[in-house]
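The data block below is work09.pdb; it holds PDB, C-alpha atoms, pLDDT in the B column.
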```
ATOM      1  CA  MET A   1       0.977   9.115 -25.754  1.00 40.00           C
ATOM      2  CA  PRO A   2       3.776   6.581 -26.303  1.00 48.00           C
ATOM      3  CA  GLY A   3       4.562   4.626 -23.160  1.00 51.00           C
ATOM      4  CA  GLY A   4       2.063   6.675 -21.170  1.00 54.00           C
ATOM      5  CA  TYR A   5       0.046   3.788 -19.795  1.00 61.00           C
ATOM      6  CA  SER A   6       2.668   1.077 -19.485  1.00 70.00           C
ATOM      7  CA  ALA A   7       1.533   0.161 -15.949  1.00 66.00           C
ATOM      8  CA  VAL A   8      -2.040  -0.342 -17.163  1.00 70.00           C
ATOM      9  CA  ARG A   9      -0.905  -2.477 -20.097  1.00 73.00           C
ATOM     10  CA  GLU A  10       1.386  -4.539 -17.887  1.00 74.00           C
ATOM     11  CA  ILE A  11      -1.145  -5.134 -15.086  1.00 78.00           C
ATOM     12  CA  ASP A  12      -2.735  -8.213 -16.718  1.00 74.00           C
ATOM     13  CA  VAL A  13       0.655  -9.864 -17.177  1.00 75.00           C
ATOM     14  CA  ARG A  14       1.667  -9.197 -13.583  1.00 77.00           C
ATOM     15  CA  ALA A  15      -1.725 -10.347 -12.249  1.00 76.00           C
ATOM     16  CA  ALA A  16      -1.006 -13.868 -13.471  1.00 76.00           C
ATOM     17  CA  ALA A  17       1.893 -14.099 -10.993  1.00 78.00           C
ATOM     18  CA  ASP A  18       0.487 -11.939  -8.165  1.00 81.00           C
ATOM     19  CA  PRO A  19      -2.675 -13.124  -6.380  1.00 85.00           C
ATOM     20  CA  TRP A  20      -3.257  -9.676  -4.842  1.00 82.00           C
ATOM     21  CA  LEU A  21      -3.411  -8.069  -8.286  1.00 83.00           C
ATOM     22  CA  ALA A  22      -5.705 -10.801  -9.601  1.00 86.00           C
ATOM     23  CA  ARG A  23      -8.143 -10.307  -6.690  1.00 89.00           C
ATOM     24  CA  MET A  24      -8.077  -6.537  -7.133  1.00 87.00           C
ATOM     25  CA  LEU A  25      -8.731  -6.800 -10.877  1.00 87.00           C
ATOM     26  CA  ALA A  26     -11.742  -8.987 -10.173  1.00 90.00           C
ATOM     27  CA  ARG A  27     -13.266  -6.241  -7.993  1.00 92.00           C
ATOM     28  CA  LYS A  28     -11.938  -2.906  -9.256  1.00 89.00           C
ATOM     29  CA  PRO A  29     -11.343  -1.088 -12.559  1.00 90.00           C
ATOM     30  CA  LYS A  30      -7.973  -1.728 -14.188  1.00 85.00           C
ATOM     31  CA  MET A  31      -6.875   1.923 -13.940  1.00 86.00           C
ATOM     32  CA  LEU A  32      -7.508   1.994 -10.178  1.00 87.00           C
ATOM     33  CA  VAL A  33      -5.525  -1.229  -9.687  1.00 85.00           C
ATOM     34  CA  ALA A  34      -2.662   0.158 -11.773  1.00 83.00           C
ATOM     35  CA  VAL A  35      -2.547   3.307  -9.625  1.00 85.00           C
ATOM     36  CA  ALA A  36      -2.571   1.235  -6.417  1.00 84.00           C
ATOM     37  CA  PHE A  37       0.206  -0.991  -7.746  1.00 82.00           C
ATOM     38  CA  THR A  38       2.421   1.896  -8.837  1.00 84.00           C
ATOM     39  CA  ASN A  39       1.760   3.695  -5.548  1.00 88.00           C
ATOM     40  CA  GLY A  40       2.949   0.633  -3.645  1.00 84.00           C
ATOM     41  CA  THR A  41       6.034   0.460  -5.824  1.00 82.00           C
ATOM     42  CA  ALA A  42       6.735   4.143  -5.142  1.00 87.00           C
ATOM     43  CA  TRP A  43       6.539   3.513  -1.380  1.00 87.00           C
ATOM     44  CA  VAL A  44       9.076   0.689  -1.677  1.00 84.00           C
ATOM     45  CA  VAL A  45      11.444   2.877  -3.694  1.00 86.00           C
ATOM     46  CA  TRP A  46      11.055   5.735  -1.196  1.00 88.00           C
ATOM     47  CA  ALA A  47      11.735   3.432   1.785  1.00 86.00           C
ATOM     48  CA  LEU A  48      14.795   1.897   0.133  1.00 86.00           C
ATOM     49  CA  THR A  49      16.151   5.324  -0.756  1.00 88.00           C
ATOM     50  CA  THR A  50      15.671   6.900   2.663  1.00 89.00           C
ATOM     51  CA  LYS A  51      16.978   3.892   4.591  1.00 84.00           C
ATOM     52  CA  LYS A  52      19.793   3.234   2.080  1.00 78.00           C
ATOM     53  CA  GLU A  53      18.964  -0.461   1.932  1.00 75.00           C
ATOM     54  CA  ILE A  54      19.075  -3.050  -0.831  1.00 78.00           C
ATOM     55  CA  TYR A  55      15.803  -4.521  -2.084  1.00 71.00           C
ATOM     56  CA  ARG A  56      15.132  -8.078  -0.946  1.00 72.00           C
ATOM     57  CA  ALA A  57      12.213  -9.782  -2.674  1.00 70.00           C
ATOM     58  CA  ARG A  58       9.604 -11.565  -0.580  1.00 68.00           C
ATOM     59  CA  ALA A  59      10.104 -15.285  -0.107  1.00 64.00           C
ATOM     60  CA  ALA A  60       7.746 -17.377  -2.241  1.00 57.00           C
ATOM     61  CA  ALA A  61       4.762 -18.653  -0.293  1.00 53.00           C
TER
END
```
Would you put the structure from the file into structure tokens?
Amino acid sequence: MPGGYSAVREIDVRAAADPWLARMLARKPKMLVAVAFTNGTAWVVWALTTKKEIYRARAAA
């Protein structure tokens, strides 16, 4: 399935920059973390669409 698991393949790369993903990968299977990550992304997209707002990234800690 070409491109079917892009979130799963990309999760290791993103975990290097996101402490939440790194902690989740240490405790949970990669597929579960990928689903949680994409679900969170879907919620952001839904909120931005319904509120007609522009995405503003979090400030670096």
Inset, instruction - Kindly resolve the PyMOL selection byres ((chain A and resi 28-41) around 9) on the present coordinates and return the residues as an NGL selection string. - result: :A and (7-12 or 21 or 23-27 or 42-46)
Inset, instruction - Please write as a list in words the list of polymer residues whose atoms come within 12 Å of (14.2, -5.9, -3.6), counting all atoms listed in the file and keeping to the coordinates of the file. - result: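 Taken together, the residues in range are Thr41, Val44, Val45, Ala47, Leu48, Thr49, Glu53, Ile54, Tyr55, Arg56, Ala57, Arg58 and Ala59 of chain A.
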Which centre and which edge lengths, in Å to one decimal, describe the axis-aligned box that holds all listed atoms of region 7-14 of chain A after 5 Å is added on each side, as AutoDock Vina command-line options?
```
--center_x -0.5 --center_y -4.9 --center_z -16.8 --size_x 14.4 --size_y 20.0 --size_z 16.5
```
Where atoms are lacking, region 46-60 of chain A completed to N, CA, C and O atoms, as a PDB file, in the frame of the given file:
```pdb
ATOM      1  N   TRP A  46      10.811   4.683  -2.181  1.00 88.00           N
ATOM      2  CA  TRP A  46      11.055   5.735  -1.196  1.00 88.00           C
ATOM      3  C   TRP A  46      11.709   5.156   0.059  1.00 88.00           C
ATOM      4  O   TRP A  46      12.690   5.714   0.575  1.00 88.00           O
ATOM      5  N   ALA A  47      11.182   4.045   0.569  1.00 86.00           N
ATOM      6  CA  ALA A  47      11.735   3.432   1.785  1.00 86.00           C
ATOM      7  C   ALA A  47      13.170   2.977   1.566  1.00 86.00           C
ATOM      8  O   ALA A  47      14.038   3.171   2.424  1.00 86.00           O
ATOM      9  N   LEU A  48      13.436   2.364   0.423  1.00 86.00           N
ATOM     10  CA  LEU A  48      14.795   1.897   0.133  1.00 86.00           C
ATOM     11  C   LEU A  48      15.763   3.073   0.019  1.00 86.00           C
ATOM     12  O   LEU A  48      16.907   2.997   0.473  1.00 86.00           O
ATOM     13  N   THR A  49      15.302   4.154  -0.572  1.00 88.00           N
ATOM     14  CA  THR A  49      16.151   5.324  -0.756  1.00 88.00           C
ATOM     15  C   THR A  49      16.463   6.007   0.572  1.00 88.00           C
ATOM     16  O   THR A  49      17.611   6.349   0.845  1.00 88.00           O
ATOM     17  N   THR A  50      15.450   6.181   1.405  1.00 89.00           N
ATOM     18  CA  THR A  50      15.671   6.900   2.663  1.00 89.00           C
ATOM     19  C   THR A  50      16.442   6.066   3.677  1.00 89.00           C
ATOM     20  O   THR A  50      17.184   6.622   4.482  1.00 89.00           O
ATOM     21  N   LYS A  51      16.278   4.753   3.636  1.00 84.00           N
ATOM     22  CA  LYS A  51      16.978   3.892   4.591  1.00 84.00           C
ATOM     23  C   LYS A  51      18.297   3.369   4.036  1.00 84.00           C
ATOM     24  O   LYS A  51      19.029   2.670   4.740  1.00 84.00           O
ATOM     25  N   LYS A  52      18.565   3.678   2.751  1.00 78.00           N
ATOM     26  CA  LYS A  52      19.793   3.234   2.080  1.00 78.00           C
ATOM     27  C   LYS A  52      19.991   1.725   2.196  1.00 78.00           C
ATOM     28  O   LYS A  52      21.043   1.246   2.587  1.00 78.00           O
ATOM     29  N   GLU A  53      18.929   0.998   1.886  1.00 75.00           N
ATOM     30  CA  GLU A  53      18.964  -0.461   1.932  1.00 75.00           C
ATOM     31  C   GLU A  53      18.904  -1.033   0.523  1.00 75.00           C
ATOM     32  O   GLU A  53      18.602  -0.340  -0.435  1.00 75.00           O
ATOM     33  N   ILE A  54      19.163  -2.325   0.427  1.00 78.00           N
ATOM     34  CA  ILE A  54      19.075  -3.050  -0.831  1.00 78.00           C
ATOM     35  C   ILE A  54      17.762  -3.830  -0.833  1.00 78.00           C
ATOM     36  O   ILE A  54      17.387  -4.414   0.180  1.00 78.00           O
ATOM     37  N   TYR A  55      17.092  -3.829  -1.970  1.00 71.00           N
ATOM     38  CA  TYR A  55      15.803  -4.521  -2.084  1.00 71.00           C
ATOM     39  C   TYR A  55      15.977  -6.024  -1.944  1.00 71.00           C
ATOM     40  O   TYR A  55      16.846  -6.613  -2.569  1.00 71.00           O
ATOM     41  N   ARG A  56      15.166  -6.625  -1.102  1.00 72.00           N
ATOM     42  CA  ARG A  56      15.132  -8.078  -0.946  1.00 72.00           C
ATOM     43  C   ARG A  56      13.698  -8.519  -1.245  1.00 72.00           C
ATOM     44  O   ARG A  56      12.770  -8.148  -0.530  1.00 72.00           O
ATOM     45  N   ALA A  57      13.543  -9.328  -2.270  1.00 70.00           N
ATOM     46  CA  ALA A  57      12.213  -9.782  -2.674  1.00 70.00           C
ATOM     47  C   ALA A  57      11.628 -10.688  -1.589  1.00 70.00           C
ATOM     48  O   ALA A  57      12.346 -11.364  -0.869  1.00 70.00           O
ATOM     49  N   ARG A  58      10.299 -10.683  -1.513  1.00 68.00           N
ATOM     50  CA  ARG A  58       9.604 -11.565  -0.580  1.00 68.00           C
ATOM     51  C   ARG A  58       9.903 -13.012  -0.916  1.00 68.00           C
ATOM     52  O   ARG A  58      10.067 -13.374  -2.072  1.00 68.00           O
ATOM     53  N   ALA A  59       9.944 -13.847   0.119  1.00 64.00           N
ATOM     54  CA  ALA A  59      10.104 -15.285  -0.107  1.00 64.00           C
ATOM     55  C   ALA A  59       8.816 -15.828  -0.710  1.00 64.00           C
ATOM     56  O   ALA A  59       7.721 -15.388  -0.373  1.00 64.00           O
ATOM     57  N   ALA A  60       8.928 -16.764  -1.615  1.00 57.00           N
ATOM     58  CA  ALA A  60       7.746 -17.377  -2.241  1.00 57.00           C
ATOM     59  C   ALA A  60       6.949 -18.132  -1.187  1.00 57.00           C
ATOM     60  O   ALA A  60       7.489 -18.793  -0.321  1.00 57.00           O
TER      61      ALA A  60
END
```
